[in-house]
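Here is the file protein_36.txt (compact mmCIF, C-alpha atoms).
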# COMPACT_ATOMS: atom_id res chain seq x y z
CA MET L 1 -135.07 -108.86 -26.35
CA SER L 2 -134.32 -107.20 -29.64
CA ALA L 3 -136.75 -105.06 -31.55
CA ILE L 4 -137.90 -108.08 -33.57
CA GLY L 5 -138.47 -110.27 -30.51
CA LEU L 6 -135.28 -112.39 -30.52
CA PRO L 7 -133.17 -112.75 -27.41
CA VAL L 8 -130.10 -110.54 -27.36
CA ARG L 9 -126.79 -112.22 -26.65
CA ARG L 10 -124.71 -109.94 -24.52
CA LYS L 11 -120.94 -110.03 -24.37
CA THR L 12 -119.76 -110.92 -20.90
CA GLY L 13 -116.03 -110.66 -21.55
CA GLY L 14 -115.68 -114.38 -20.85
CA VAL L 15 -114.15 -117.17 -22.89
CA ALA L 16 -115.55 -117.80 -26.34
CA PRO L 17 -117.85 -120.81 -26.65
CA GLY L 18 -115.93 -123.90 -27.73
CA ALA L 19 -112.62 -122.68 -26.25
CA PHE L 20 -112.74 -125.25 -23.49
CA THR L 21 -113.54 -127.98 -26.00
CA ALA L 22 -110.53 -126.99 -28.12
CA ALA L 23 -108.28 -126.78 -25.06
CA GLY L 24 -109.54 -130.18 -23.87
CA GLY L 25 -108.82 -131.65 -27.29
CA LEU L 26 -105.26 -130.30 -27.15
CA VAL L 27 -104.74 -131.79 -23.68
CA VAL L 28 -105.99 -135.19 -24.88
CA LEU L 29 -103.73 -134.98 -27.94
CA ALA L 30 -100.74 -134.03 -25.77
CA LEU L 31 -101.43 -136.97 -23.42
CA LEU L 32 -101.72 -139.35 -26.39
CA VAL L 33 -98.42 -138.13 -27.84
CA ALA L 34 -96.75 -138.46 -24.41
CA PHE L 35 -98.12 -142.01 -24.02
CA ILE L 36 -96.81 -143.03 -27.45
CA ALA L 37 -93.43 -141.41 -26.74
CA THR L 38 -93.06 -143.20 -23.37
CA ASN L 39 -94.20 -146.44 -25.00
CA ALA L 40 -91.52 -146.17 -27.68
CA GLY L 41 -88.87 -145.02 -25.20
CA ALA L 42 -89.54 -147.82 -22.73
CA SER L 43 -89.64 -150.42 -25.52
CA LEU L 44 -86.28 -149.28 -26.91
CA ALA L 45 -84.79 -149.14 -23.41
CA GLN L 46 -85.99 -152.70 -22.67
CA ARG L 47 -84.49 -153.93 -25.94
CA SER L 48 -81.12 -152.41 -25.06
CA LEU L 49 -81.30 -153.71 -21.47
CA ARG L 50 -82.18 -157.21 -22.73
CA ALA L 51 -79.09 -157.26 -24.98
CA ARG L 52 -76.91 -156.21 -22.03
CA TRP L 53 -78.61 -158.78 -19.77
CA ASP L 54 -78.13 -161.60 -22.27
CA ARG L 55 -74.37 -160.83 -22.32
CA ILE L 56 -74.25 -160.95 -18.50
CA VAL L 57 -76.12 -164.29 -18.42
CA ALA L 58 -73.82 -165.72 -21.12
CA ALA L 59 -70.81 -164.73 -18.99
CA GLY L 60 -72.34 -166.58 -16.02
CA SER L 61 -71.65 -163.83 -13.50
CA MET L 62 -72.61 -160.27 -12.80
CA PRO L 63 -70.32 -157.44 -11.73
CA ALA L 64 -71.42 -155.31 -8.77
CA PRO L 65 -74.40 -153.41 -10.22
CA ARG L 66 -74.55 -149.64 -10.47
CA ALA L 67 -77.76 -147.61 -10.84
CA GLY L 68 -79.39 -148.43 -14.16
CA ASP L 69 -77.53 -151.75 -14.70
CA PRO L 70 -79.66 -154.82 -15.47
CA VAL L 71 -79.81 -157.22 -12.49
CA ALA L 72 -82.49 -159.79 -13.37
CA GLU L 73 -85.24 -160.82 -15.77
CA LEU L 74 -88.70 -160.87 -14.21
CA ALA L 75 -91.46 -163.02 -15.72
CA ILE L 76 -95.02 -163.22 -14.39
CA PRO L 77 -97.03 -165.35 -16.86
CA SER L 78 -100.44 -164.71 -15.28
CA ILE L 79 -100.25 -160.98 -16.12
CA GLY L 80 -98.13 -161.26 -19.28
CA LEU L 81 -95.07 -159.54 -17.84
CA ASP L 82 -91.53 -160.26 -19.04
CA ALA L 83 -89.11 -157.42 -18.30
CA ILE L 84 -85.52 -156.71 -17.44
CA VAL L 85 -85.08 -155.30 -13.91
CA VAL L 86 -82.48 -152.59 -13.30
CA GLU L 87 -80.62 -151.51 -10.21
CA GLY L 88 -82.16 -148.45 -8.57
CA PRO L 89 -82.47 -145.65 -8.01
CA GLY L 90 -82.96 -143.46 -11.04
CA SER L 91 -84.11 -145.89 -13.75
CA GLY L 92 -87.02 -143.69 -14.73
CA ARG L 93 -89.70 -145.61 -16.64
CA SER L 94 -87.37 -147.83 -18.65
CA ALA L 95 -87.64 -150.88 -16.38
CA PRO L 96 -88.85 -152.22 -13.05
CA THR L 97 -86.35 -151.10 -10.41
CA HIS L 98 -84.60 -153.23 -7.80
CA ILE L 99 -84.54 -151.45 -4.43
CA ALA L 100 -80.80 -151.33 -3.82
CA THR L 101 -81.07 -151.72 -0.03
CA THR L 102 -82.49 -155.24 -0.47
CA ALA L 103 -80.91 -158.50 -1.67
CA LEU L 104 -80.47 -158.97 -5.42
CA PRO L 105 -83.42 -160.70 -7.12
CA GLY L 106 -83.04 -164.47 -7.02
CA GLY L 107 -80.68 -164.37 -4.04
CA SER L 108 -81.27 -165.39 -0.44
CA GLY L 109 -83.04 -162.95 1.83
CA LEU L 110 -85.60 -160.35 0.89
CA SER L 111 -85.44 -158.70 -2.54
CA SER L 112 -87.78 -155.93 -3.59
CA ILE L 113 -88.71 -154.56 -7.01
CA GLU L 114 -90.90 -151.55 -7.73
CA ALA L 115 -92.51 -150.13 -10.85
CA GLY L 116 -95.33 -147.82 -11.91
CA ARG L 117 -98.73 -148.78 -13.29
CA LEU L 118 -99.49 -146.13 -15.95
CA GLY L 119 -98.52 -146.45 -19.63
CA PHE L 120 -95.95 -148.83 -21.10
CA GLY L 121 -93.42 -147.71 -18.52
CA GLY L 122 -96.01 -148.86 -15.98
CA PHE L 123 -94.65 -152.39 -15.92
CA PHE L 124 -96.81 -153.30 -12.92
CA ALA L 125 -100.08 -152.07 -14.49
CA ARG L 126 -101.77 -155.43 -13.78
CA LEU L 127 -100.09 -156.18 -10.44
CA ASP L 128 -103.52 -155.94 -8.78
CA ARG L 129 -104.60 -159.08 -10.68
CA LEU L 130 -102.09 -161.35 -8.92
CA THR L 131 -103.42 -163.79 -6.35
CA THR L 132 -102.07 -166.28 -3.86
CA GLY L 133 -100.55 -169.26 -5.66
CA ASP L 134 -99.53 -167.38 -8.85
CA THR L 135 -95.91 -167.91 -9.84
CA ILE L 136 -93.10 -165.49 -10.59
CA ALA L 137 -89.85 -166.45 -12.30
CA VAL L 138 -86.62 -164.52 -11.83
CA ARG L 139 -83.73 -165.26 -14.19
CA THR L 140 -80.26 -164.59 -12.81
CA PRO L 141 -76.82 -165.37 -14.26
CA SER L 142 -76.83 -168.58 -12.20
CA GLY L 143 -80.29 -169.81 -13.28
CA VAL L 144 -84.02 -169.32 -12.78
CA VAL L 145 -85.60 -168.97 -9.35
CA THR L 146 -89.35 -169.62 -9.15
CA TYR L 147 -91.47 -167.93 -6.50
CA GLU L 148 -95.03 -168.54 -5.38
CA ILE L 149 -97.17 -165.64 -4.21
CA ASN L 150 -98.28 -166.03 -0.60
CA ASP L 151 -99.71 -162.54 0.01
CA ALA L 152 -101.06 -159.65 -2.06
CA ARG L 153 -102.64 -156.59 -0.49
CA VAL L 154 -103.00 -152.82 -0.59
CA ILE L 155 -101.36 -150.94 2.28
CA ASP L 156 -100.16 -147.43 3.06
CA ALA L 157 -96.65 -146.77 1.72
CA SER L 158 -95.44 -145.94 5.24
CA SER L 159 -96.39 -149.48 6.40
CA ILE L 160 -94.14 -151.36 3.96
CA ASP L 161 -91.53 -153.42 5.81
CA LEU L 162 -88.50 -154.55 3.81
CA SER L 163 -86.33 -155.36 6.83
CA SER L 164 -86.41 -159.16 6.72
CA GLY L 165 -87.39 -162.04 4.53
CA GLY L 166 -85.98 -164.79 6.71
CA ASP L 167 -83.75 -167.54 5.36
CA THR L 168 -85.93 -168.33 2.35
CA ALA L 169 -85.59 -166.20 -0.76
CA THR L 170 -88.46 -163.72 -0.60
CA LEU L 171 -89.54 -161.40 -3.39
CA VAL L 172 -91.61 -158.27 -2.78
CA LEU L 173 -93.19 -156.37 -5.67
CA ILE L 174 -94.44 -152.82 -5.03
CA ALA L 175 -96.57 -150.49 -7.15
CA PRO L 176 -98.96 -147.59 -6.56
CA ALA L 177 -102.47 -148.84 -5.78
CA SER L 178 -103.88 -146.26 -8.18
CA HIS L 179 -102.66 -145.99 -11.77
CA LEU L 180 -102.20 -142.28 -11.07
CA GLY L 181 -100.12 -142.62 -7.88
CA GLY L 182 -101.05 -141.71 -4.32
CA GLY L 183 -99.96 -142.99 -0.91
CA ALA L 184 -101.41 -146.51 -1.03
CA ARG L 185 -99.31 -149.34 -2.50
CA ILE L 186 -100.01 -152.81 -3.83
CA VAL L 187 -97.54 -155.10 -2.11
CA VAL L 188 -97.11 -158.65 -3.42
CA ARG L 189 -94.97 -161.07 -1.39
CA ALA L 190 -93.71 -164.36 -2.78
CA ARG L 191 -91.45 -167.11 -1.46
CA GLU L 192 -89.10 -169.32 -3.40
CA LYS L 193 -90.83 -172.54 -4.40
CA ALA L 194 -89.25 -175.73 -3.17
CA ALA L 195 -87.82 -177.94 -5.92
CA PRO L 196 -90.33 -180.69 -6.95

Translate the structure of the given file into structure tokens.
Amino acid sequence: MSAIGLPVRRKTGGVAPGAFTAAGGLVVLALLVAFIATNAGASLAQRSLRARWDRIVAAGSMPAPRAGDPVAELAIPSIGLDAIVVEGPGSGRSAPTHIATTALPGGSGLSSIEAGRLGFGGFFARLDRLTTGDTIAVRTPSGVVTYEINDARVIDASSIDLSSGGDTATLVLIAPASHLGGGARIVVRAREKAAP
């Protein structure tokens, strides 16, 4: 206490009051700027990929894809997704990525596509909302293939099996179970719908 009865504030050599608040504000601002930058970057990349994809579709055939080349258009109406898929690996956050060791999307056998869930580049942000019976459309140079979801679950990444889809065209979509990553994955399996 001071001579006049007020508490004395002693210096402890610590951080000034409000420093953490200012630092927190800077972190939030940096994250906001990064989100806007990735949003703009992914949007521009999708626009460029769509122009390239439209030329491939107009030609009616696709050359053997290299990493980063567009290979399909993926539309899932129930979650508002319409995006160009690129050949993996190494696409970054510009598009959902086709796992190159699987069949091309829309073809026979098992095809797998993966994407993140955070920000605009998180194309599969709402993948957890898909349910059995929802439809997925894949546009290829030879037409549109429609799939119906027959399984959606969260499993450990080490348990994902992409070895066989059988004779029917099978599509597997993979994304982190958490928006922030981790070892668990949402795995959605769909089979080609029979023509009506």

### Query
Excluding same-chain residues fewer than 2 positions from Gly68 of chain L, what lies within 10 Å of it counting all atoms listed in the file, as a list in words?
Leu49, Pro65, Arg66, Pro70, Val71, Val85, Val86, Glu87, Gly88, Pro89, Gly90, Ser91, Gly92, Ser94, Ala95, Thr97 and His98 of chain L

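For the residues L:Glu148, L:Ile76, L:Thr168, L:Ala83, ranking by smallest atom-to-atom distance to Ser48 of chain L using all atoms listed in the file places L:Ala83 first.
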
### Query
Which is closest to Ala72 of chain L among L:Ser159, L:Ser111, L:Thr101, L:Ser164, if we use only C-alpha atoms?
L:Ser111

### Query
To one decimal place, how far is atom CA of Lys193 of chain L from atom CA of Thr146 of chain L in Å?
5.8 Å

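The gap separating atom CA of Asp151 of chain L from atom CA of Asp134 of chain L is 10.1 Å, in Å to one decimal.
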
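Taking atom CA of Ala195 of chain L and atom CA of Val145 of chain L as the two end points, the separation is 9.9 Å.
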
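Closest approach to Val57 of chain L among L:Ala157, L:Leu180, L:Ile186, L:Val144: L:Val144, based on only C-alpha atoms.
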
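Closest approach to Ala59 of chain L among L:Pro141, L:Pro176, L:Gly182, L:Gly133 is made by L:Pro141 (distances from all atoms listed in the file).
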
### 6 Å contact set for segment 187-190 of chain L, all atoms listed in the file, chain neighbours under 5 positions out, as an NGL selection string
:L and (147-153 or 170-174)

Put those residues in a file: C-alpha atoms, as a CSV table (one decimal), in the frame of the given file.
chain,number,residue,atom,x,y,z
L,147,TYR,CA,-91.5,-167.9,-6.5
L,148,GLU,CA,-95.0,-168.5,-5.4
L,149,ILE,CA,-97.2,-165.6,-4.2
L,150,ASN,CA,-98.3,-166.0,-0.6
L,151,ASP,CA,-99.7,-162.5,0.0
L,152,ALA,CA,-101.1,-159.6,-2.1
L,153,ARG,CA,-102.6,-156.6,-0.5
L,170,THR,CA,-88.5,-163.7,-0.6
L,171,LEU,CA,-89.5,-161.4,-3.4
L,172,VAL,CA,-91.6,-158.3,-2.8
L,173,LEU,CA,-93.2,-156.4,-5.7
L,174,ILE,CA,-94.4,-152.8,-5.0

### Query
Around (-82.8, -159.9, -5.8) in the file's own coordinates, what residues are found within 9 Å if you use only C-alpha atoms, given back as a PyMOL selection string?
chain L and resi 71-72+98-99+102-113+138+140+169-171

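Proximity to Ile160 of chain L was assessed for L:Gly183, L:Ser61, L:Gln46, L:Ala194 counting only C-alpha atoms; the smallest distance is recorded for L:Gly183.
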